[in-house]
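Down below is the structure, laid out as structure tokens.
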Amino acid sequence: MSTSSETSPADVDRALDHLDAQGRRLLFSAARTANSFAATPVSDAELSDIWELAKWAPTAANSQPLRVLYVRPGEGRDRLLKHMNEGNRAKTASAPASAVLALDTQFHEHIPALLPYKPELKDVFAANEAMRTETGTFNATLQAGYFILAVRAHGLAAGPMAGFDAAGIDAEFFPDGRLHSILVVNIGHPGENPWFGRLPRLDHDDVVQWA
Ligand SMILES: Cc1cc2nc3c(=O)[nH]c(=O)nc-3n(C[C@H](O)[C@H](O)[C@H](O)COP(=O)(O)O)c2cc1C
């Protein structure tokens, strides 16, 4: 690789590293959504590392509006289970950990620290609730996708679920009203018969256009 001190910018080799085929399978083509989990534990360190990885993926204006509540078996999980849809209860009860992913509706308060070259954006968001909600929801959802891939990158299976009573979870875990749950993700090692049949994906040409 050339060094910038000896070459013009046009000559600098900016080639990035890339995942090999195994890495791509792990994150995408061979990864599955788990519907049951083994008793094998998942450590607090693994759960923290998942976020430490996911946090690097990009958000608009570096806003990072997603918050993560890890729920463990015991009292916390009992409180979670009662708000899950019936069809999602058994799989959630089998997971050694579940993450409640939530939007911080006041994410803009962190803007001066996260976007130091444009701290005034905090006040723009503060004055415009519609813009704040749209930006926050879009970017928290984006971060939820990154989170699922970070679970997979740690050799763990993810089971994302939107089937729950969001108002119920919010009242249960976030009573001050600041956080709004958007997704629950079960995390662990696959258990008995963990996969449903693989569903088809749209064909390339049904999705991709060129201009
Ligand atoms: C945002 C989102 C919400 C989902 N909600 C549920 C749910 O409530 N219950 C459920 O059993 N599966 C749920 N799923 C799982 C999907 O059905 C599953 O990921 C999809 O069919 C792909 O399965 P595969 O990864 O095994 O190919 C959800 C997945 C996502 C990404």
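In the structure tokens, chains take letters A, B, ... by order of appearance, with residues numbered from 1 within each chain and ligands from 1 in the order shown.
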
Please provide as an mmCIF file with N, CA and C atoms, in the first residue's frame all residues within 12 Å of A:Leu66, with the sequence filter that same-chain residues fewer than 6 positions apart are discarded (counting only C-alpha atoms).
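out_3.cif was written with the following content:
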```cif
data_model
loop_
_atom_site.group_PDB
_atom_site.id
_atom_site.type_symbol
_atom_site.label_atom_id
_atom_site.label_comp_id
_atom_site.auth_asym_id
_atom_site.auth_seq_id
_atom_site.Cartn_x
_atom_site.Cartn_y
_atom_site.Cartn_z
ATOM 1 N N TRP A 51 -23.507 -4.893 21.678
ATOM 2 C CA TRP A 51 -23.763 -3.469 21.486
ATOM 3 C C TRP A 51 -22.493 -2.714 21.124
ATOM 4 N N ALA A 54 -22.322 -3.144 17.449
ATOM 5 C CA ALA A 54 -23.418 -2.532 16.679
ATOM 6 C C ALA A 54 -23.337 -1.011 16.685
ATOM 7 N N LYS A 55 -22.772 -0.441 17.735
ATOM 8 C CA LYS A 55 -22.798 1.021 17.892
ATOM 9 C C LYS A 55 -22.016 1.759 16.805
ATOM 10 N N ALA A 57 -22.097 1.237 13.581
ATOM 11 C CA ALA A 57 -22.792 1.373 12.301
ATOM 12 C C ALA A 57 -23.468 2.753 12.226
ATOM 13 N N PRO A 58 -23.619 3.283 11.016
ATOM 14 C CA PRO A 58 -23.962 4.708 10.883
ATOM 15 C C PRO A 58 -25.434 5.059 11.138
ATOM 16 N N THR A 59 -25.633 6.288 11.639
ATOM 17 C CA THR A 59 -26.974 6.867 11.779
ATOM 18 C C THR A 59 -26.933 8.310 11.290
ATOM 19 N N ALA A 99 -33.443 -8.858 24.206
ATOM 20 C CA ALA A 99 -33.141 -7.425 24.175
ATOM 21 C C ALA A 99 -34.405 -6.675 23.773
ATOM 22 N N VAL A 100 -34.820 -5.745 24.599
ATOM 23 C CA VAL A 100 -35.895 -4.833 24.213
ATOM 24 C C VAL A 100 -35.211 -3.622 23.583
ATOM 25 N N LEU A 101 -35.456 -3.430 22.295
ATOM 26 C CA LEU A 101 -34.848 -2.306 21.580
ATOM 27 C C LEU A 101 -35.867 -1.167 21.551
ATOM 28 N N ALA A 102 -35.415 0.019 21.923
ATOM 29 C CA ALA A 102 -36.352 1.130 22.107
ATOM 30 C C ALA A 102 -35.788 2.429 21.542
ATOM 31 N N LEU A 103 -36.709 3.259 21.083
ATOM 32 C CA LEU A 103 -36.362 4.606 20.631
ATOM 33 C C LEU A 103 -36.292 5.548 21.834
ATOM 34 N N ASP A 104 -35.195 6.283 21.938
ATOM 35 C CA ASP A 104 -35.120 7.381 22.913
ATOM 36 C C ASP A 104 -35.737 8.606 22.254
ATOM 37 N N THR A 105 -36.949 8.958 22.700
ATOM 38 C CA THR A 105 -37.666 10.068 22.059
ATOM 39 C C THR A 105 -36.964 11.409 22.285
ATOM 40 N N GLN A 106 -36.042 11.428 23.237
ATOM 41 C CA GLN A 106 -35.292 12.663 23.506
ATOM 42 C C GLN A 106 -33.827 12.512 23.070
ATOM 43 N N PHE A 107 -33.621 11.734 22.015
ATOM 44 C CA PHE A 107 -32.261 11.457 21.565
ATOM 45 C C PHE A 107 -31.478 12.722 21.233
ATOM 46 N N HIS A 108 -32.217 13.767 20.869
ATOM 47 C CA HIS A 108 -31.547 14.999 20.431
ATOM 48 C C HIS A 108 -30.740 15.661 21.547
ATOM 49 N N THR A 135 -37.039 11.136 12.282
ATOM 50 C CA THR A 135 -35.607 10.830 12.266
ATOM 51 C C THR A 135 -35.270 9.768 13.310
ATOM 52 N N GLY A 136 -35.855 9.911 14.499
ATOM 53 C CA GLY A 136 -35.570 8.957 15.561
ATOM 54 C C GLY A 136 -36.054 7.569 15.222
ATOM 55 N N THR A 137 -37.276 7.466 14.714
ATOM 56 C CA THR A 137 -37.839 6.156 14.399
ATOM 57 C C THR A 137 -37.070 5.486 13.272
ATOM 58 N N PHE A 138 -36.764 6.256 12.239
ATOM 59 C CA PHE A 138 -36.031 5.675 11.108
ATOM 60 C C PHE A 138 -34.669 5.153 11.560
ATOM 61 N N ASN A 139 -33.956 5.973 12.315
ATOM 62 C CA ASN A 139 -32.584 5.588 12.674
ATOM 63 C C ASN A 139 -32.535 4.544 13.780
ATOM 64 N N ALA A 140 -33.503 4.542 14.680
ATOM 65 C CA ALA A 140 -33.566 3.475 15.683
ATOM 66 C C ALA A 140 -33.861 2.137 15.000
ATOM 67 N N THR A 141 -34.726 2.171 13.987
ATOM 68 C CA THR A 141 -35.043 0.947 13.253
ATOM 69 C C THR A 141 -33.821 0.446 12.489
ATOM 70 N N LEU A 142 -33.105 1.393 11.893
ATOM 71 C CA LEU A 142 -31.853 1.033 11.223
ATOM 72 C C LEU A 142 -30.898 0.371 12.221
ATOM 73 N N GLN A 143 -30.779 0.958 13.400
ATOM 74 C CA GLN A 143 -29.873 0.389 14.408
ATOM 75 C C GLN A 143 -30.357 -0.980 14.892
ATOM 76 N N ALA A 144 -31.666 -1.200 14.877
ATOM 77 C CA ALA A 144 -32.171 -2.521 15.251
ATOM 78 C C ALA A 144 -31.687 -3.576 14.250
ATOM 79 N N GLY A 145 -31.659 -3.207 12.964
ATOM 80 C CA GLY A 145 -31.118 -4.125 11.958
ATOM 81 C C GLY A 145 -29.643 -4.406 12.196
ATOM 82 N N TYR A 146 -28.892 -3.347 12.474
ATOM 83 C CA TYR A 146 -27.467 -3.548 12.794
ATOM 84 C C TYR A 146 -27.320 -4.472 14.003
ATOM 85 N N PHE A 147 -28.202 -4.307 14.978
ATOM 86 C CA PHE A 147 -28.125 -5.095 16.208
ATOM 87 C C PHE A 147 -28.275 -6.589 15.890
ATOM 88 N N ARG A 178 -40.091 8.132 28.298
ATOM 89 C CA ARG A 178 -39.082 8.632 27.360
ATOM 90 C C ARG A 178 -38.737 7.606 26.269
ATOM 91 N N LEU A 179 -38.711 6.324 26.621
ATOM 92 C CA LEU A 179 -38.338 5.284 25.652
ATOM 93 C C LEU A 179 -39.577 4.592 25.098
ATOM 94 N N HIS A 180 -39.558 4.312 23.791
ATOM 95 C CA HIS A 180 -40.649 3.596 23.134
ATOM 96 C C HIS A 180 -40.097 2.317 22.518
ATOM 97 N N SER A 181 -40.591 1.177 22.948
ATOM 98 C CA SER A 181 -40.096 -0.097 22.425
ATOM 99 C C SER A 181 -40.464 -0.255 20.954
ATOM 100 N N ILE A 182 -39.503 -0.767 20.164
ATOM 101 C CA ILE A 182 -39.772 -0.989 18.741
ATOM 102 C C ILE A 182 -39.580 -2.445 18.330
ATOM 103 N N LEU A 183 -38.749 -3.214 19.058
ATOM 104 C CA LEU A 183 -38.481 -4.602 18.674
ATOM 105 C C LEU A 183 -37.943 -5.343 19.886
#
```

Can you pull out every residue within 8 Å of stretch 115-126 of chain A, counting only C-alpha atoms, but drop anything in the same chain fewer than 5 positions away, and send it as a PDB file with C-alpha atoms, in the first residue's frame?
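Below is the file that was written, around.pdb:
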```
ATOM      1  CA  ALA A  61     -26.329  13.112  12.033  1.00  0.00           C
ATOM      2  CA  ASN A  62     -24.697  10.450  14.250  1.00  0.00           C
ATOM      3  CA  SER A  63     -27.918  10.619  16.265  1.00  0.00           C
ATOM      4  CA  HIS A 108     -31.547  14.999  20.431  1.00  0.00           C
ATOM      5  CA  GLU A 109     -30.275  15.912  23.910  1.00  0.00           C
ATOM      6  CA  HIS A 110     -27.060  14.056  23.025  1.00  0.00           C
ATOM      7  CA  MET A 131     -38.971  15.734  12.383  1.00  0.00           C
ATOM      8  CA  ARG A 132     -37.625  14.373  15.654  1.00  0.00           C
TER       9      ARG A 132
END
```

task: Using only C-alpha atoms, determine which residues lie at most 6 Å from A:Ala97, disregarding the query and same-chain residues fewer than 3 positions distant; provide the list as a ChimeraX atom specification.
output: /A:71-72,187

Interface rows for chain A against ligand 1: nearest pair, Å to one decimal, 6 Å, only C-alpha atoms and all ligand atoms, as CSV:
```
residue,atom,partner,partner_atom_place_in_ligand_line,distance
A:Arg32,CA,ligand 1,25 (O),3.8
A:Thr33,CA,ligand 1,25 (O),3.8
A:Asn88,CA,ligand 1,9 (N),5.6
A:Pro160,CA,ligand 1,29 (C),4.7
A:Met161,CA,ligand 1,5 (N),3.3
A:Ala162,CA,ligand 1,5 (N),4.0
A:Gly163,CA,ligand 1,8 (O),3.5
A:Arg198,CA,ligand 1,27 (O),5.2
A:Leu199,CA,ligand 1,27 (O),5.9
```

Residues of the last selection are to be written out with C-alpha atoms, as a PDB file, in the first residue's frame.
```
ATOM      1  CA  ARG A  32     -31.584 -18.015  10.380  1.00  0.00           C
ATOM      2  CA  THR A  33     -34.177 -16.639  12.749  1.00  0.00           C
ATOM      3  CA  ASN A  88     -44.022 -15.389  20.850  1.00  0.00           C
ATOM      4  CA  PRO A 160     -36.497 -10.607  16.332  1.00  0.00           C
ATOM      5  CA  MET A 161     -40.159 -10.071  17.198  1.00  0.00           C
ATOM      6  CA  ALA A 162     -42.533  -7.182  16.596  1.00  0.00           C
ATOM      7  CA  GLY A 163     -45.428  -9.153  18.035  1.00  0.00           C
ATOM      8  CA  ARG A 198     -36.817 -21.055   4.886  1.00  0.00           C
ATOM      9  CA  LEU A 199     -39.069 -18.583   3.124  1.00  0.00           C
TER      10      LEU A 199
END
```

Counting only C-alpha atoms, the residue among A:Ala60, A:Ala31, A:Gly197, A:Leu53 that lies closest to A:Glu134 is A:Ala60

For A:Ser43, the closest of A:Leu149, A:Leu156, A:Val185, A:Leu202 counting only C-alpha atoms is A:Leu156

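Each of A:Ala21, A:Val184, A:Leu47, A:Ala150 was checked against A:Asp170 using only C-alpha atoms; the smallest atom-to-atom distance is that of A:Val184.
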
Those of stretch 11-193 of chain A in DSSP helix (DSSP H, G or I), formatted as an NGL selection string: :A and (11 or 21-29 or 44-54 or 60-62 or 75-81 or 86-94 or 107-114 or 121-127 or 129-153 or 166-173)

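Minimum atom-to-atom distances from A:Asp49, A:Glu86, A:Asp176, A:Glu192 to A:Ser36 were compared using only C-alpha atoms, and the lowest value belongs to A:Glu192.
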
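If you look at atom CA of A:Arg201 and atom CA of A:Ile148, they are 18.2 Å away from each other.
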
> Hey, what does DSSP flag as strand (DSSP E or B) within stretch 40-117 of chain A? Can you give it to me as a PyMOL selection string?
Replying inline: chain A and resi 66-71+84+97-104

Next, write the just-selected residues to a file, as a PDB file, in the first residue's frame, keeping N, CA and C atoms as the atom set.
```pdb
ATOM      1  N   LEU A  66     -31.197   4.605  19.314  1.00  0.00           N
ATOM      2  CA  LEU A  66     -31.629   3.320  19.873  1.00  0.00           C
ATOM      3  C   LEU A  66     -31.099   3.122  21.296  1.00  0.00           C
ATOM      4  N   ARG A  67     -31.949   2.539  22.143  1.00  0.00           N
ATOM      5  CA  ARG A  67     -31.528   2.127  23.484  1.00  0.00           C
ATOM      6  C   ARG A  67     -31.827   0.643  23.634  1.00  0.00           C
ATOM      7  N   VAL A  68     -31.050  -0.035  24.475  1.00  0.00           N
ATOM      8  CA  VAL A  68     -31.138  -1.486  24.610  1.00  0.00           C
ATOM      9  C   VAL A  68     -31.369  -1.854  26.067  1.00  0.00           C
ATOM     10  N   LEU A  69     -32.417  -2.633  26.320  1.00  0.00           N
ATOM     11  CA  LEU A  69     -32.657  -3.194  27.654  1.00  0.00           C
ATOM     12  C   LEU A  69     -32.506  -4.710  27.549  1.00  0.00           C
ATOM     13  N   TYR A  70     -31.494  -5.270  28.211  1.00  0.00           N
ATOM     14  CA  TYR A  70     -31.342  -6.723  28.225  1.00  0.00           C
ATOM     15  C   TYR A  70     -32.179  -7.291  29.358  1.00  0.00           C
ATOM     16  N   VAL A  71     -32.972  -8.298  29.024  1.00  0.00           N
ATOM     17  CA  VAL A  71     -33.854  -8.940  30.003  1.00  0.00           C
ATOM     18  C   VAL A  71     -33.399 -10.381  30.176  1.00  0.00           C
ATOM     19  N   MET A  84     -45.741 -10.162  25.574  1.00  0.00           N
ATOM     20  CA  MET A  84     -45.473 -10.746  24.261  1.00  0.00           C
ATOM     21  C   MET A  84     -46.747 -11.368  23.719  1.00  0.00           C
ATOM     22  N   ALA A  97     -31.502 -14.781  26.974  1.00  0.00           N
ATOM     23  CA  ALA A  97     -31.546 -13.319  27.065  1.00  0.00           C
ATOM     24  C   ALA A  97     -32.467 -12.786  25.977  1.00  0.00           C
ATOM     25  N   SER A  98     -33.114 -11.687  26.278  1.00  0.00           N
ATOM     26  CA  SER A  98     -33.899 -10.958  25.270  1.00  0.00           C
ATOM     27  C   SER A  98     -33.497  -9.494  25.360  1.00  0.00           C
ATOM     28  N   ALA A  99     -33.443  -8.858  24.206  1.00  0.00           N
ATOM     29  CA  ALA A  99     -33.141  -7.425  24.175  1.00  0.00           C
ATOM     30  C   ALA A  99     -34.405  -6.675  23.773  1.00  0.00           C
ATOM     31  N   VAL A 100     -34.820  -5.745  24.599  1.00  0.00           N
ATOM     32  CA  VAL A 100     -35.895  -4.833  24.213  1.00  0.00           C
ATOM     33  C   VAL A 100     -35.211  -3.622  23.583  1.00  0.00           C
ATOM     34  N   LEU A 101     -35.456  -3.430  22.295  1.00  0.00           N
ATOM     35  CA  LEU A 101     -34.848  -2.306  21.580  1.00  0.00           C
ATOM     36  C   LEU A 101     -35.867  -1.167  21.551  1.00  0.00           C
ATOM     37  N   ALA A 102     -35.415   0.019  21.923  1.00  0.00           N
ATOM     38  CA  ALA A 102     -36.352   1.130  22.107  1.00  0.00           C
ATOM     39  C   ALA A 102     -35.788   2.429  21.542  1.00  0.00           C
ATOM     40  N   LEU A 103     -36.709   3.259  21.083  1.00  0.00           N
ATOM     41  CA  LEU A 103     -36.362   4.606  20.631  1.00  0.00           C
ATOM     42  C   LEU A 103     -36.292   5.548  21.834  1.00  0.00           C
ATOM     43  N   ASP A 104     -35.195   6.283  21.938  1.00  0.00           N
ATOM     44  CA  ASP A 104     -35.120   7.381  22.913  1.00  0.00           C
ATOM     45  C   ASP A 104     -35.737   8.606  22.254  1.00  0.00           C
TER      46      ASP A 104
END
```
